[in-house]
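Colleague: For reference, the structure I am asking about is given below.
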Amino acid sequence: MNINKGLPDKFKSSAAELLLDALEEKFIPILGDKKKAKQLLELSININNCFSIEDKGELLGVLSYQIDKKTFLSPSFKTIISIYGLLGGFFKALGLSMLTHKTESDEIYIESVAVSELSRGKGIGSKLFESFFVFAKTNGFKAITLEVIDINQGALKLYKKLGFNIVKKSKTWPLNKIVGWPFNEVFSMKKDI
């Protein structure tokens with residue numbers, strides 16, 4: 001089993017699948033068709049802003065992060081319209097803009113954590129977090145932040161166990177009804193380093 005700082009290029013497609021599976025509640029209401037959504041995610045991956053775990057040629061998990069404006073998923077408007085057309089692309093870009101996060105200079109933001117279904121419960125997520133925490137501390141960040149939706153109670157419990165505290169609760173109504181999100185609240189969490 002190898003833990004990588006970054007994502008080997010050959011795993012872009014697998015990473016897009018993992019992310020789509022893990023964040024389906026956020027992405028599919030905005031992006032619609034899963035095939036097009038996967039294509040967009042795959043074309044938008046910045047392989048440097050993550051930690052990944054692979055074993056025997058298979059991607060087991062990814063933890064992606066944002067520092068300042070450098071993100072793991074950075075879909076350009078040009079890429080979005082190449083997949084969805086001009087009008088559809090405009091609305092998809094608008095929807096995706098609702099998922100952006102502004103970081104402070106001493107903050108590192110976890111965009112996503114995704115572990116393959118067959119690898120869950122085997123410590124893959126813990127290994128990703130361990131490597132990420134060392135990276136964050138070594139690089140002088142003072143805080144790690146993330147957001148989790150109310151219907152993902154398993155992740156909320158894990159993040160609390162890892163030392164994250166809820167610092168803000170945001171209701172998604174009426175936006176959730178317009179977009180089609182199945183969640184009602186987003187918890188902003190923070191861990192001081």
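Identifiers for the structure tokens are assigned positionally: chains receive A, B, ... in sequence, residues are indexed from 1 per chain, and ligands are indexed from 1 in the order shown.
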For region 2-14 of chain A, find every residue with an atom within 6 Å (counting only C-alpha atoms), except residues of its own chain fewer than 3 positions away, and show them as number ranges by chain.
Modeller: A: 17, 42, 47-48, 50-54
Colleague: Residues of region 19-108 of chain A that approach region 145-162 of chain A to 12 Å or less, counting only C-alpha atoms: could you list each one with the shortest pair of atoms and its distance in Å to one decimal, rows by chain and increasing residue number, as a tab-separated table?
Modeller:
```
residue	atom	partner	partner_atom	distance
A:Ala22	CA	A:Asn152	CA	10.0
A:Leu23	CA	A:Ile149	CA	9.9
A:Glu24	CA	A:Asn152	CA	11.5
A:Glu25	CA	A:Ile149	CA	9.1
A:Lys26	CA	A:Ile149	CA	9.0
A:Leu63	CA	A:Leu146	CA	11.5
A:Ser64	CA	A:Leu146	CA	10.7
A:Tyr65	CA	A:Leu146	CA	9.2
A:Gln66	CA	A:Thr145	CA	9.8
A:Ile67	CA	A:Thr145	CA	10.8
A:Leu99	CA	A:Glu147	CA	10.1
A:Thr100	CA	A:Glu147	CA	10.8
A:His101	CA	A:Leu146	CA	9.3
A:Lys102	CA	A:Thr145	CA	10.7
A:Thr103	CA	A:Thr145	CA	8.7
A:Glu104	CA	A:Thr145	CA	10.1
A:Asp106	CA	A:Thr145	CA	10.7
A:Glu107	CA	A:Thr145	CA	7.1
A:Ile108	CA	A:Thr145	CA	6.4
```
Colleague: Please produce a file of the residues just selected, as a PDB file, in the first residue's frame, where the atoms kept are C-alpha atoms.
Modeller:
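selection_36.pdb written:
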```pdb
ATOM      1  CA  ALA A  22     -18.711  10.389  -2.012  1.00  0.00           C
ATOM      2  CA  LEU A  23     -20.208  13.774  -2.946  1.00  0.00           C
ATOM      3  CA  GLU A  24     -23.164  12.674  -5.045  1.00  0.00           C
ATOM      4  CA  GLU A  25     -25.654  14.609  -2.880  1.00  0.00           C
ATOM      5  CA  LYS A  26     -23.838  17.864  -3.712  1.00  0.00           C
ATOM      6  CA  LEU A  63      -8.212  13.351   0.530  1.00  0.00           C
ATOM      7  CA  SER A  64      -8.259  16.607  -1.425  1.00  0.00           C
ATOM      8  CA  TYR A  65      -7.560  20.085  -0.118  1.00  0.00           C
ATOM      9  CA  GLN A  66      -7.523  23.769  -0.954  1.00  0.00           C
ATOM     10  CA  ILE A  67      -4.855  26.304  -0.073  1.00  0.00           C
ATOM     11  CA  LEU A  99     -19.743  25.017  -3.482  1.00  0.00           C
ATOM     12  CA  THR A 100     -16.638  27.208  -3.323  1.00  0.00           C
ATOM     13  CA  HIS A 101     -14.834  28.091  -0.112  1.00  0.00           C
ATOM     14  CA  LYS A 102     -12.704  31.125   0.711  1.00  0.00           C
ATOM     15  CA  THR A 103      -9.697  30.275   2.873  1.00  0.00           C
ATOM     16  CA  GLU A 104      -7.706  32.448   5.237  1.00  0.00           C
ATOM     17  CA  ASP A 106      -3.172  30.322   7.680  1.00  0.00           C
ATOM     18  CA  GLU A 107      -5.975  27.868   6.837  1.00  0.00           C
ATOM     19  CA  ILE A 108      -5.991  24.671   4.802  1.00  0.00           C
TER      20      ILE A 108
END
```
Colleague: Considering only C-alpha atoms, can you say which of A:Arg120, A:Lys142, A:Lys36, A:Lys92 comes closest to Val179 (chain A)?
Modeller: A:Lys92
Colleague: What parts of region 24-129 of chain A does DSSP call alpha helix (DSSP H)? I'd like the answer as a PyMOL selection string.
Modeller: chain A and resi 24-31+34-43+77-84+86-97+124-129
Colleague: Assign secondary structure with DSSP using the backbone only, and return the residues of chain A in strand (DSSP E or B) as a ChimeraX atom specification.
Modeller: /A:2-5,45,50-55,58-67,70,73,107-115,143-149,165-171,185-192
Colleague: Could you write those residues out with N, CA and C atoms, as a compact mmCIF listing (two decimals), in the first residue's frame?
Modeller:
```txt
# COMPACT_ATOMS: atom_id res chain seq x y z
N ASN A 2 0.62 2.15 -0.92
CA ASN A 2 1.40 3.39 -1.04
C ASN A 2 0.53 4.61 -0.77
N ILE A 3 1.06 5.51 0.07
CA ILE A 3 0.41 6.80 0.29
C ILE A 3 1.17 7.83 -0.51
N ASN A 4 0.48 8.52 -1.39
CA ASN A 4 1.11 9.51 -2.27
C ASN A 4 0.70 10.92 -1.88
N LYS A 5 1.64 11.84 -1.93
CA LYS A 5 1.31 13.26 -1.88
C LYS A 5 1.02 13.61 -3.33
N ILE A 45 -9.37 17.95 -12.34
CA ILE A 45 -8.53 17.55 -11.21
C ILE A 45 -7.14 18.18 -11.29
N CYS A 50 -3.77 16.95 -3.18
CA CYS A 50 -4.42 15.83 -2.50
C CYS A 50 -3.38 14.86 -1.94
N PHE A 51 -3.89 13.93 -1.17
CA PHE A 51 -3.16 12.73 -0.78
C PHE A 51 -3.98 11.57 -1.32
N SER A 52 -3.30 10.54 -1.79
CA SER A 52 -4.02 9.38 -2.31
C SER A 52 -3.35 8.10 -1.81
N ILE A 53 -4.14 7.06 -1.76
CA ILE A 53 -3.63 5.74 -1.36
C ILE A 53 -3.95 4.77 -2.48
N GLU A 54 -2.94 4.01 -2.86
CA GLU A 54 -3.13 2.99 -3.89
C GLU A 54 -2.55 1.68 -3.40
N ASP A 55 -3.09 0.61 -3.94
CA ASP A 55 -2.58 -0.72 -3.63
C ASP A 55 -2.83 -1.63 -4.83
N GLU A 58 -4.62 -0.13 -7.80
CA GLU A 58 -5.99 0.34 -7.61
C GLU A 58 -6.00 1.52 -6.63
N LEU A 59 -6.77 2.54 -6.96
CA LEU A 59 -6.92 3.69 -6.09
C LEU A 59 -7.92 3.34 -4.98
N LEU A 60 -7.46 3.48 -3.72
CA LEU A 60 -8.31 3.13 -2.58
C LEU A 60 -8.97 4.35 -1.95
N GLY A 61 -8.29 5.50 -2.01
CA GLY A 61 -8.85 6.68 -1.38
C GLY A 61 -8.12 7.96 -1.74
N VAL A 62 -8.82 9.07 -1.58
CA VAL A 62 -8.27 10.40 -1.87
C VAL A 62 -8.76 11.38 -0.81
N LEU A 63 -7.86 12.21 -0.33
CA LEU A 63 -8.21 13.35 0.53
C LEU A 63 -7.71 14.58 -0.22
N SER A 64 -8.64 15.43 -0.65
CA SER A 64 -8.26 16.61 -1.42
C SER A 64 -8.38 17.86 -0.58
N TYR A 65 -7.58 18.87 -0.93
CA TYR A 65 -7.56 20.08 -0.12
C TYR A 65 -7.38 21.32 -0.97
N GLN A 66 -7.67 22.45 -0.33
CA GLN A 66 -7.52 23.77 -0.95
C GLN A 66 -6.63 24.63 -0.08
N ILE A 67 -5.69 25.30 -0.72
CA ILE A 67 -4.85 26.30 -0.07
C ILE A 67 -5.04 27.58 -0.87
N LYS A 70 -5.89 27.65 -4.70
CA LYS A 70 -5.45 26.42 -5.37
C LYS A 70 -6.27 25.25 -4.83
N LEU A 73 -10.29 20.39 -7.33
CA LEU A 73 -11.22 20.45 -8.46
C LEU A 73 -11.34 21.89 -8.93
N GLU A 107 -4.99 28.95 6.82
CA GLU A 107 -5.98 27.87 6.84
C GLU A 107 -5.77 26.94 5.65
N ILE A 108 -5.95 25.66 5.88
CA ILE A 108 -5.99 24.67 4.80
C ILE A 108 -7.36 24.00 4.89
N TYR A 109 -8.05 23.93 3.76
CA TYR A 109 -9.44 23.47 3.72
C TYR A 109 -9.51 22.09 3.06
N ILE A 110 -10.16 21.15 3.72
CA ILE A 110 -10.37 19.83 3.13
C ILE A 110 -11.58 19.90 2.22
N GLU A 111 -11.35 19.70 0.93
CA GLU A 111 -12.44 19.74 -0.04
C GLU A 111 -13.27 18.47 0.01
N SER A 112 -12.58 17.33 0.09
CA SER A 112 -13.30 16.06 0.07
C SER A 112 -12.42 14.93 0.60
N VAL A 113 -13.11 13.91 1.08
CA VAL A 113 -12.47 12.66 1.46
C VAL A 113 -13.31 11.56 0.83
N ALA A 114 -12.67 10.71 0.05
CA ALA A 114 -13.40 9.64 -0.64
C ALA A 114 -12.60 8.35 -0.56
N VAL A 115 -13.26 7.30 -0.10
CA VAL A 115 -12.63 5.98 0.01
C VAL A 115 -13.50 5.01 -0.78
N ALA A 143 -4.85 26.22 11.11
CA ALA A 143 -6.18 25.61 11.21
C ALA A 143 -6.48 24.77 9.97
N ILE A 144 -7.22 23.70 10.20
CA ILE A 144 -7.76 22.87 9.12
C ILE A 144 -9.27 23.01 9.21
N THR A 145 -9.90 23.28 8.07
CA THR A 145 -11.35 23.43 8.05
C THR A 145 -11.96 22.47 7.04
N LEU A 146 -13.24 22.24 7.20
CA LEU A 146 -14.00 21.41 6.26
C LEU A 146 -15.47 21.69 6.46
N GLU A 147 -16.27 21.18 5.55
CA GLU A 147 -17.72 21.28 5.68
C GLU A 147 -18.31 19.90 5.48
N VAL A 148 -19.36 19.62 6.23
CA VAL A 148 -20.04 18.32 6.11
C VAL A 148 -21.55 18.57 6.15
N ILE A 149 -22.28 17.81 5.36
CA ILE A 149 -23.73 17.99 5.30
C ILE A 149 -24.41 17.18 6.40
N ASN A 165 -14.21 20.65 15.47
CA ASN A 165 -15.36 21.19 16.19
C ASN A 165 -16.24 21.97 15.23
N ILE A 166 -17.54 21.90 15.46
CA ILE A 166 -18.47 22.68 14.64
C ILE A 166 -18.35 24.14 15.04
N VAL A 167 -18.07 25.00 14.05
CA VAL A 167 -17.94 26.43 14.33
C VAL A 167 -19.11 27.24 13.73
N LYS A 168 -19.86 26.59 12.83
CA LYS A 168 -20.98 27.29 12.20
C LYS A 168 -21.93 26.28 11.59
N LYS A 169 -23.22 26.56 11.71
CA LYS A 169 -24.25 25.76 11.06
C LYS A 169 -24.99 26.67 10.08
N SER A 170 -25.10 26.22 8.84
CA SER A 170 -25.77 27.03 7.82
C SER A 170 -26.95 26.26 7.23
N LYS A 171 -28.11 26.86 7.28
CA LYS A 171 -29.30 26.28 6.65
C LYS A 171 -29.17 26.44 5.13
N GLU A 185 -28.82 21.28 6.07
CA GLU A 185 -27.88 22.06 6.85
C GLU A 185 -26.45 21.63 6.51
N VAL A 186 -25.54 22.60 6.58
CA VAL A 186 -24.12 22.34 6.37
C VAL A 186 -23.38 22.77 7.63
N PHE A 187 -22.52 21.88 8.14
CA PHE A 187 -21.73 22.19 9.33
C PHE A 187 -20.32 22.57 8.89
N SER A 188 -19.88 23.76 9.27
CA SER A 188 -18.50 24.18 9.05
C SER A 188 -17.72 23.74 10.30
N MET A 189 -16.62 23.03 10.06
CA MET A 189 -15.85 22.48 11.18
C MET A 189 -14.40 22.96 11.09
N LYS A 190 -13.76 23.00 12.26
CA LYS A 190 -12.39 23.52 12.34
C LYS A 190 -11.59 22.70 13.34
N LYS A 191 -10.32 22.50 13.01
CA LYS A 191 -9.38 21.85 13.91
C LYS A 191 -8.16 22.75 13.98
N ASP A 192 -7.82 23.23 15.15
CA ASP A 192 -6.61 24.03 15.33
C ASP A 192 -5.40 23.10 15.37
```
Colleague: So how far away is CA of Ser76 (chain A) from CA of Leu40 (chain A), in Å?
Modeller: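 CA of Leu40 (chain A) sits 9.5 Å away from CA of Ser76 (chain A).
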Colleague: Quick one: pull the distance between CA of Asn176 (chain A) and CA of Leu87 (chain A), Å, one decimal.
Modeller: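 CA of Leu87 (chain A) lies at a distance of 21.5 Å from CA of Asn176 (chain A).
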